[in-house]
>>> print(open('final-v6.tsv').read())   # TSV, C-alpha atoms
chain	number	residue	atom	x	y	z
A	1	GLN	CA	-7.77	-1.71	13.44
A	2	VAL	CA	-8.34	-4.80	11.30
A	3	GLN	CA	-6.56	-8.13	11.02
A	4	PRO	CA	-6.98	-9.78	7.62
A	5	VAL	CA	-7.18	-13.57	7.38
A	6	GLU	CA	-6.97	-15.26	3.99
A	7	SER	CA	-8.56	-18.57	2.99
A	8	GLY	CA	-9.51	-20.48	-0.11
A	9	GLY	CA	-6.14	-21.38	-1.54
A	10	GLY	CA	-5.32	-24.81	-2.86
A	11	LEU	CA	-4.20	-26.91	-5.80
A	12	VAL	CA	-5.99	-26.54	-9.12
A	13	GLN	CA	-5.30	-27.52	-12.70
A	14	ALA	CA	-4.56	-24.94	-15.34
A	15	GLY	CA	-7.78	-23.43	-16.62
A	16	GLY	CA	-9.53	-23.97	-13.32
A	17	SER	CA	-10.89	-21.54	-10.77
A	18	LEU	CA	-10.47	-20.65	-7.13
A	19	ARG	CA	-12.08	-18.05	-4.90
A	20	LEU	CA	-9.96	-16.52	-2.19
A	21	SER	CA	-11.52	-14.83	0.80
A	22	CYS	CA	-10.11	-12.15	3.06
A	23	ALA	CA	-12.03	-11.89	6.30
A	24	ALA	CA	-11.19	-9.10	8.68
A	25	SER	CA	-12.18	-8.38	12.22
A	26	GLY	CA	-13.13	-4.88	13.31
A	27	ARG	CA	-16.21	-2.72	13.12
A	28	THR	CA	-14.55	-0.26	10.73
A	29	PHE	CA	-13.78	-2.76	7.98
A	30	SER	CA	-15.88	-0.78	5.51
A	31	SER	CA	-13.47	2.14	5.91
A	32	TYR	CA	-10.50	0.16	4.61
A	33	SER	CA	-9.27	-0.27	1.09
A	34	ILE	CA	-8.13	-3.84	0.42
A	35	GLY	CA	-5.42	-5.15	-1.82
A	36	TRP	CA	-4.43	-8.63	-2.94
A	37	PHE	CA	-0.75	-9.33	-3.53
A	38	ARG	CA	1.17	-12.48	-4.38
A	39	GLN	CA	4.69	-13.71	-3.89
A	40	CYS	CA	6.71	-16.50	-5.44
A	41	PRO	CA	9.83	-17.92	-3.76
A	42	GLY	CA	12.79	-15.65	-4.35
A	43	LYS	CA	10.69	-12.87	-5.85
A	44	GLU	CA	9.26	-9.65	-4.53
A	45	ARG	CA	5.66	-9.43	-3.47
A	46	GLU	CA	3.62	-8.06	-6.36
A	47	PHE	CA	0.28	-6.33	-6.71
A	48	VAL	CA	-2.65	-8.34	-8.05
A	49	ALA	CA	-5.85	-6.39	-7.41
A	50	ALA	CA	-7.39	-3.79	-5.13
A	51	ILE	CA	-10.80	-2.49	-4.16
A	52	ASN	CA	-11.64	0.77	-2.48
A	53	TRP	CA	-13.57	1.09	0.74
A	54	SER	CA	-16.98	1.36	-0.91
A	55	GLY	CA	-16.40	-1.32	-3.53
A	56	GLY	CA	-17.03	1.25	-6.23
A	57	GLY	CA	-13.48	1.16	-7.54
A	58	THR	CA	-11.52	-1.91	-8.54
A	59	TYR	CA	-8.02	-2.15	-9.95
A	60	TYR	CA	-6.04	-5.00	-11.50
A	61	GLU	CA	-2.55	-5.88	-12.54
A	62	ASP	CA	-2.45	-6.29	-16.29
A	63	SER	CA	-1.76	-10.04	-16.32
A	64	VAL	CA	-4.93	-10.84	-14.36
A	65	LYS	CA	-7.36	-8.46	-16.06
A	66	GLY	CA	-10.31	-10.35	-17.47
A	67	ARG	CA	-9.50	-13.44	-15.38
A	68	PHE	CA	-9.64	-12.22	-11.76
A	69	THR	CA	-12.45	-10.29	-10.08
A	70	ILE	CA	-12.20	-8.56	-6.72
A	71	SER	CA	-15.33	-7.77	-4.75
A	72	ARG	CA	-16.35	-7.06	-1.18
A	73	ASP	CA	-19.25	-7.64	1.18
A	74	ASN	CA	-18.91	-5.11	3.98
A	75	ALA	CA	-21.80	-6.69	5.88
A	76	LYS	CA	-19.65	-9.83	6.17
A	77	ASN	CA	-16.34	-7.99	6.59
A	78	THR	CA	-15.01	-9.98	3.65
A	79	VAL	CA	-13.26	-9.31	0.36
A	80	TYR	CA	-13.16	-11.94	-2.36
A	81	LEU	CA	-10.79	-12.64	-5.22
A	82	GLN	CA	-12.42	-14.82	-7.86
A	83	MET	CA	-9.70	-16.33	-10.01
A	84	ASN	CA	-10.69	-17.94	-13.30
A	85	SER	CA	-8.66	-19.39	-16.17
A	86	LEU	CA	-5.77	-19.97	-13.84
A	87	LYS	CA	-2.30	-20.44	-15.26
A	88	PRO	CA	0.80	-22.09	-13.78
A	89	GLU	CA	2.39	-18.65	-13.52
A	90	ASP	CA	-0.36	-17.66	-11.06
A	91	THR	CA	1.19	-20.05	-8.55
A	92	ALA	CA	2.18	-18.06	-5.46
A	93	VAL	CA	1.31	-17.27	-1.89
A	94	TYR	CA	-1.53	-14.76	-2.00
A	95	TYR	CA	-1.75	-12.06	0.65
A	96	CYS	CA	-4.56	-9.75	1.64
A	97	ALA	CA	-3.69	-6.27	2.88
A	98	ALA	CA	-5.76	-3.46	4.35
A	99	GLN	CA	-5.26	0.27	4.48
A	100	TRP	CA	-7.47	2.79	6.26
A	101	GLY	CA	-9.25	5.03	3.80
A	102	GLY	CA	-7.74	4.80	0.39
A	103	HIS	CA	-4.82	5.65	-1.80
A	104	SER	CA	-4.11	8.81	-3.67
A	105	SER	CA	-3.26	7.20	-7.00
A	106	ASP	CA	-3.32	3.99	-8.98
A	107	TYR	CA	0.41	3.68	-8.38
A	108	ALA	CA	0.01	4.07	-4.62
A	109	ARG	CA	-2.46	1.22	-4.32
A	110	THR	CA	0.08	-1.17	-5.86
A	111	ARG	CA	2.73	-0.40	-3.23
A	112	THR	CA	3.18	-2.92	-0.41
A	113	ASN	CA	4.55	-0.25	1.92
A	114	LEU	CA	1.27	1.70	1.67
A	115	TYR	CA	-0.79	-1.03	3.32
A	116	ALA	CA	-0.59	-1.21	7.11
A	117	HIS	CA	-2.26	-4.55	7.86
A	118	TRP	CA	-1.38	-7.90	6.33
A	119	GLY	CA	-2.63	-11.45	6.54
A	120	GLN	CA	-0.48	-14.57	6.72
A	121	GLY	CA	-1.13	-15.63	3.15
A	122	THR	CA	-2.71	-18.61	1.41
A	123	GLN	CA	-0.96	-20.87	-1.09
A	124	VAL	CA	-2.31	-21.16	-4.62
A	125	THR	CA	-0.75	-23.83	-6.82
A	126	VAL	CA	-1.75	-24.21	-10.46
A	127	SER	CA	-0.56	-27.40	-12.16
A	128	SER	CA	0.02	-27.62	-15.89
>>> encode(input="final-v6.tsv", output="structure tokens")
Amino acid sequence: QVQPVESGGGLVQAGGSLRLSCAASGRTFSSYSIGWFRQCPGKEREFVAAINWSGGGTYYEDSVKGRFTISRDNAKNTVYLQMNSLKPEDTAVYYCAAQWGGHSSDYARTRTNLYAHWGQGTQVTVSS
């Protein structure tokens, strides 16, 4: 079992960059697919990006394609979310989630209920 812990959030101006990290304990981290989600006050948690257990497959929500990059270093038990060209609408609490193995479809990997392990979140605020 893994316990994700997010870090790297903060305040940045529009157009700037941040790199979020998701560190997870557990010797089987490399067997987990990882997703990043975000949530604004009063809104549902939404999918941002995901990476499969090997790092060979990455997936993005349309609004972040070309701006965000997800990657993983299994030797360090860490997944990263590099966020460039940030916009005020990217402001949210960002959550890392882990699921053993993978997901059967692109749709499945965007579903919050198909990830078993969640971090506490890290705040990202983008000022205009």
>>> residues_near_point(input="final-v6.tsv", point="(2.4, -14.7, -2.1)", cutoff="12 Å", atoms="all atoms listed in the file", output="NGL selection string")
:A and (6 or 9 or 36-48 or 90-97 or 112 or 118-125)
>>> residues_around(input="final-v6.tsv", residues="Ser33 in chain A", least_positions_apart="2", cutoff="12 Å", atoms="only C-alpha atoms", output="PyMOL selection string")
chain A and resi 2+4+24+28-31+35-36+49-59+70-72+74+77-79+96-104+108-110+114-117
>>> write_last_selection(input="final-v6.tsv", atoms="C-alpha atoms", output="PDB file, in the coordinates of the input")
ATOM      1  CA  VAL A   2      -8.340  -4.800  11.300  1.00  0.00           C
ATOM      2  CA  PRO A   4      -6.980  -9.780   7.620  1.00  0.00           C
ATOM      3  CA  ALA A  24     -11.190  -9.100   8.680  1.00  0.00           C
ATOM      4  CA  THR A  28     -14.550  -0.260  10.730  1.00  0.00           C
ATOM      5  CA  PHE A  29     -13.780  -2.760   7.980  1.00  0.00           C
ATOM      6  CA  SER A  30     -15.880  -0.780   5.510  1.00  0.00           C
ATOM      7  CA  SER A  31     -13.470   2.140   5.910  1.00  0.00           C
ATOM      8  CA  GLY A  35      -5.420  -5.150  -1.820  1.00  0.00           C
ATOM      9  CA  TRP A  36      -4.430  -8.630  -2.940  1.00  0.00           C
ATOM     10  CA  ALA A  49      -5.850  -6.390  -7.410  1.00  0.00           C
ATOM     11  CA  ALA A  50      -7.390  -3.790  -5.130  1.00  0.00           C
ATOM     12  CA  ILE A  51     -10.800  -2.490  -4.160  1.00  0.00           C
ATOM     13  CA  ASN A  52     -11.640   0.770  -2.480  1.00  0.00           C
ATOM     14  CA  TRP A  53     -13.570   1.090   0.740  1.00  0.00           C
ATOM     15  CA  SER A  54     -16.980   1.360  -0.910  1.00  0.00           C
ATOM     16  CA  GLY A  55     -16.400  -1.320  -3.530  1.00  0.00           C
ATOM     17  CA  GLY A  56     -17.030   1.250  -6.230  1.00  0.00           C
ATOM     18  CA  GLY A  57     -13.480   1.160  -7.540  1.00  0.00           C
ATOM     19  CA  THR A  58     -11.520  -1.910  -8.540  1.00  0.00           C
ATOM     20  CA  TYR A  59      -8.020  -2.150  -9.950  1.00  0.00           C
ATOM     21  CA  ILE A  70     -12.200  -8.560  -6.720  1.00  0.00           C
ATOM     22  CA  SER A  71     -15.330  -7.770  -4.750  1.00  0.00           C
ATOM     23  CA  ARG A  72     -16.350  -7.060  -1.180  1.00  0.00           C
ATOM     24  CA  ASN A  74     -18.910  -5.110   3.980  1.00  0.00           C
ATOM     25  CA  ASN A  77     -16.340  -7.990   6.590  1.00  0.00           C
ATOM     26  CA  THR A  78     -15.010  -9.980   3.650  1.00  0.00           C
ATOM     27  CA  VAL A  79     -13.260  -9.310   0.360  1.00  0.00           C
ATOM     28  CA  CYS A  96      -4.560  -9.750   1.640  1.00  0.00           C
ATOM     29  CA  ALA A  97      -3.690  -6.270   2.880  1.00  0.00           C
ATOM     30  CA  ALA A  98      -5.760  -3.460   4.350  1.00  0.00           C
ATOM     31  CA  GLN A  99      -5.260   0.270   4.480  1.00  0.00           C
ATOM     32  CA  TRP A 100      -7.470   2.790   6.260  1.00  0.00           C
ATOM     33  CA  GLY A 101      -9.250   5.030   3.800  1.00  0.00           C
ATOM     34  CA  GLY A 102      -7.740   4.800   0.390  1.00  0.00           C
ATOM     35  CA  HIS A 103      -4.820   5.650  -1.800  1.00  0.00           C
ATOM     36  CA  SER A 104      -4.110   8.810  -3.670  1.00  0.00           C
ATOM     37  CA  ALA A 108       0.010   4.070  -4.620  1.00  0.00           C
ATOM     38  CA  ARG A 109      -2.460   1.220  -4.320  1.00  0.00           C
ATOM     39  CA  THR A 110       0.080  -1.170  -5.860  1.00  0.00           C
ATOM     40  CA  LEU A 114       1.270   1.700   1.670  1.00  0.00           C
ATOM     41  CA  TYR A 115      -0.790  -1.030   3.320  1.00  0.00           C
ATOM     42  CA  ALA A 116      -0.590  -1.210   7.110  1.00  0.00           C
ATOM     43  CA  HIS A 117      -2.260  -4.550   7.860  1.00  0.00           C
TER      44      HIS A 117
END
>>> atom_distance(input="final-v6.tsv", atom1="CA of Gln3 in chain A", atom2="CA of Glu61 in chain A")
24.0 Å
>>> closest_residue(input="final-v6.tsv", among="A:Ser127, A:Ala75, A:Lys65, A:Val12", to="Ser25 in chain A", atoms="all atoms listed in the file")
A:Ala75
>>> atom_distance(input="final-v6.tsv", atom1="CA of Thr69 in chain A", atom2="CA of Asn84 in chain A")
8.5 Å
>>> closest_residue(input="final-v6.tsv", among="A:Gln82, A:Ser7, A:Gln1, A:Gln13", to="Tyr32 in chain A", atoms="all atoms listed in the file")
A:Gln1
>>> closest_residue(input="final-v6.tsv", among="A:Ile34, A:Leu20, A:Ser85, A:Val64", to="Arg111 in chain A", atoms="only C-alpha atoms")
A:Ile34
>>> atom_distance(input="final-v6.tsv", atom1="CA of Gly26 in chain A", atom2="CA of Val5 in chain A")
12.1 Å
>>> closest_residue(input="final-v6.tsv", among="A:Ser128, A:Ser21, A:Gly15, A:Ser63", to="Leu81 in chain A", atoms="only C-alpha atoms")
A:Ser21
>>> axis_aligned_box(input="final-v6.tsv", around="range 119-123 of chain A", padding_each_side="8 Å", output="JSON")
{"center_x": -1.6, "center_y": -16.2, "center_z": 2.8, "size_x": 18.2, "size_y": 25.4, "size_z": 23.8}
>>> build_atoms(input="final-v6.tsv", residues="range 75-94 of chain A", atoms="N, CA, C and O atoms", output="CSV table (one decimal), in the coordinates of the input")
chain,number,residue,atom,x,y,z
A,75,ALA,N,-21.0,-6.1,4.8
A,75,ALA,CA,-21.8,-6.7,5.9
A,75,ALA,C,-21.2,-7.9,6.5
A,75,ALA,O,-21.4,-8.3,7.7
A,76,LYS,N,-20.3,-8.6,5.7
A,76,LYS,CA,-19.6,-9.8,6.2
A,76,LYS,C,-18.2,-9.6,6.5
A,76,LYS,O,-17.4,-10.5,6.7
A,77,ASN,N,-17.8,-8.3,6.3
A,77,ASN,CA,-16.3,-8.0,6.6
A,77,ASN,C,-15.4,-8.9,5.7
A,77,ASN,O,-14.4,-9.4,6.2
A,78,THR,N,-15.8,-9.1,4.5
A,78,THR,CA,-15.0,-10.0,3.6
A,78,THR,C,-14.8,-9.4,2.3
A,78,THR,O,-15.7,-8.8,1.7
A,79,VAL,N,-13.6,-9.6,1.8
A,79,VAL,CA,-13.3,-9.3,0.4
A,79,VAL,C,-12.9,-10.6,-0.3
A,79,VAL,O,-12.3,-11.5,0.3
A,80,TYR,N,-13.4,-10.7,-1.6
A,80,TYR,CA,-13.2,-11.9,-2.4
A,80,TYR,C,-12.3,-11.7,-3.6
A,80,TYR,O,-12.3,-10.6,-4.1
A,81,LEU,N,-11.5,-12.7,-4.0
A,81,LEU,CA,-10.8,-12.6,-5.2
A,81,LEU,C,-11.2,-13.9,-6.0
A,81,LEU,O,-10.7,-15.0,-5.7
A,82,GLN,N,-12.0,-13.7,-7.0
A,82,GLN,CA,-12.4,-14.8,-7.9
A,82,GLN,C,-11.4,-14.9,-9.0
A,82,GLN,O,-11.1,-14.0,-9.7
A,83,MET,N,-10.8,-16.1,-9.0
A,83,MET,CA,-9.7,-16.3,-10.0
A,83,MET,C,-10.1,-17.4,-11.0
A,83,MET,O,-10.3,-18.6,-10.6
A,84,ASN,N,-10.3,-17.0,-12.2
A,84,ASN,CA,-10.7,-17.9,-13.3
A,84,ASN,C,-9.6,-18.1,-14.3
A,84,ASN,O,-8.6,-17.3,-14.3
A,85,SER,N,-9.7,-19.1,-15.1
A,85,SER,CA,-8.7,-19.4,-16.2
A,85,SER,C,-7.2,-19.3,-15.6
A,85,SER,O,-6.3,-18.7,-16.2
A,86,LEU,N,-7.1,-20.0,-14.5
A,86,LEU,CA,-5.8,-20.0,-13.8
A,86,LEU,C,-4.7,-20.6,-14.7
A,86,LEU,O,-4.9,-21.5,-15.4
A,87,LYS,N,-3.5,-20.0,-14.5
A,87,LYS,CA,-2.3,-20.4,-15.3
A,87,LYS,C,-1.2,-20.9,-14.3
A,87,LYS,O,-1.2,-20.4,-13.1
A,88,PRO,N,-0.3,-21.7,-14.7
A,88,PRO,CA,0.8,-22.1,-13.8
A,88,PRO,C,1.6,-20.9,-13.2
A,88,PRO,O,2.0,-20.9,-12.1
A,89,GLU,N,1.7,-19.8,-14.0
A,89,GLU,CA,2.4,-18.6,-13.5
A,89,GLU,C,1.6,-17.9,-12.4
A,89,GLU,O,2.2,-16.9,-11.9
A,90,ASP,N,0.4,-18.3,-12.2
A,90,ASP,CA,-0.4,-17.7,-11.1
A,90,ASP,C,0.0,-18.3,-9.7
A,90,ASP,O,-0.4,-17.8,-8.7
A,91,THR,N,0.8,-19.4,-9.8
A,91,THR,CA,1.2,-20.0,-8.6
A,91,THR,C,2.0,-19.1,-7.7
A,91,THR,O,3.0,-18.5,-8.1
A,92,ALA,N,1.5,-19.0,-6.4
A,92,ALA,CA,2.2,-18.1,-5.5
A,92,ALA,C,1.5,-18.2,-4.1
A,92,ALA,O,0.4,-18.8,-4.0
A,93,VAL,N,2.0,-17.5,-3.1
A,93,VAL,CA,1.3,-17.3,-1.9
A,93,VAL,C,0.6,-15.9,-2.1
A,93,VAL,O,1.2,-14.9,-2.5
A,94,TYR,N,-0.7,-16.0,-1.8
A,94,TYR,CA,-1.5,-14.8,-2.0
A,94,TYR,C,-1.8,-14.1,-0.6
A,94,TYR,O,-2.2,-14.8,0.3
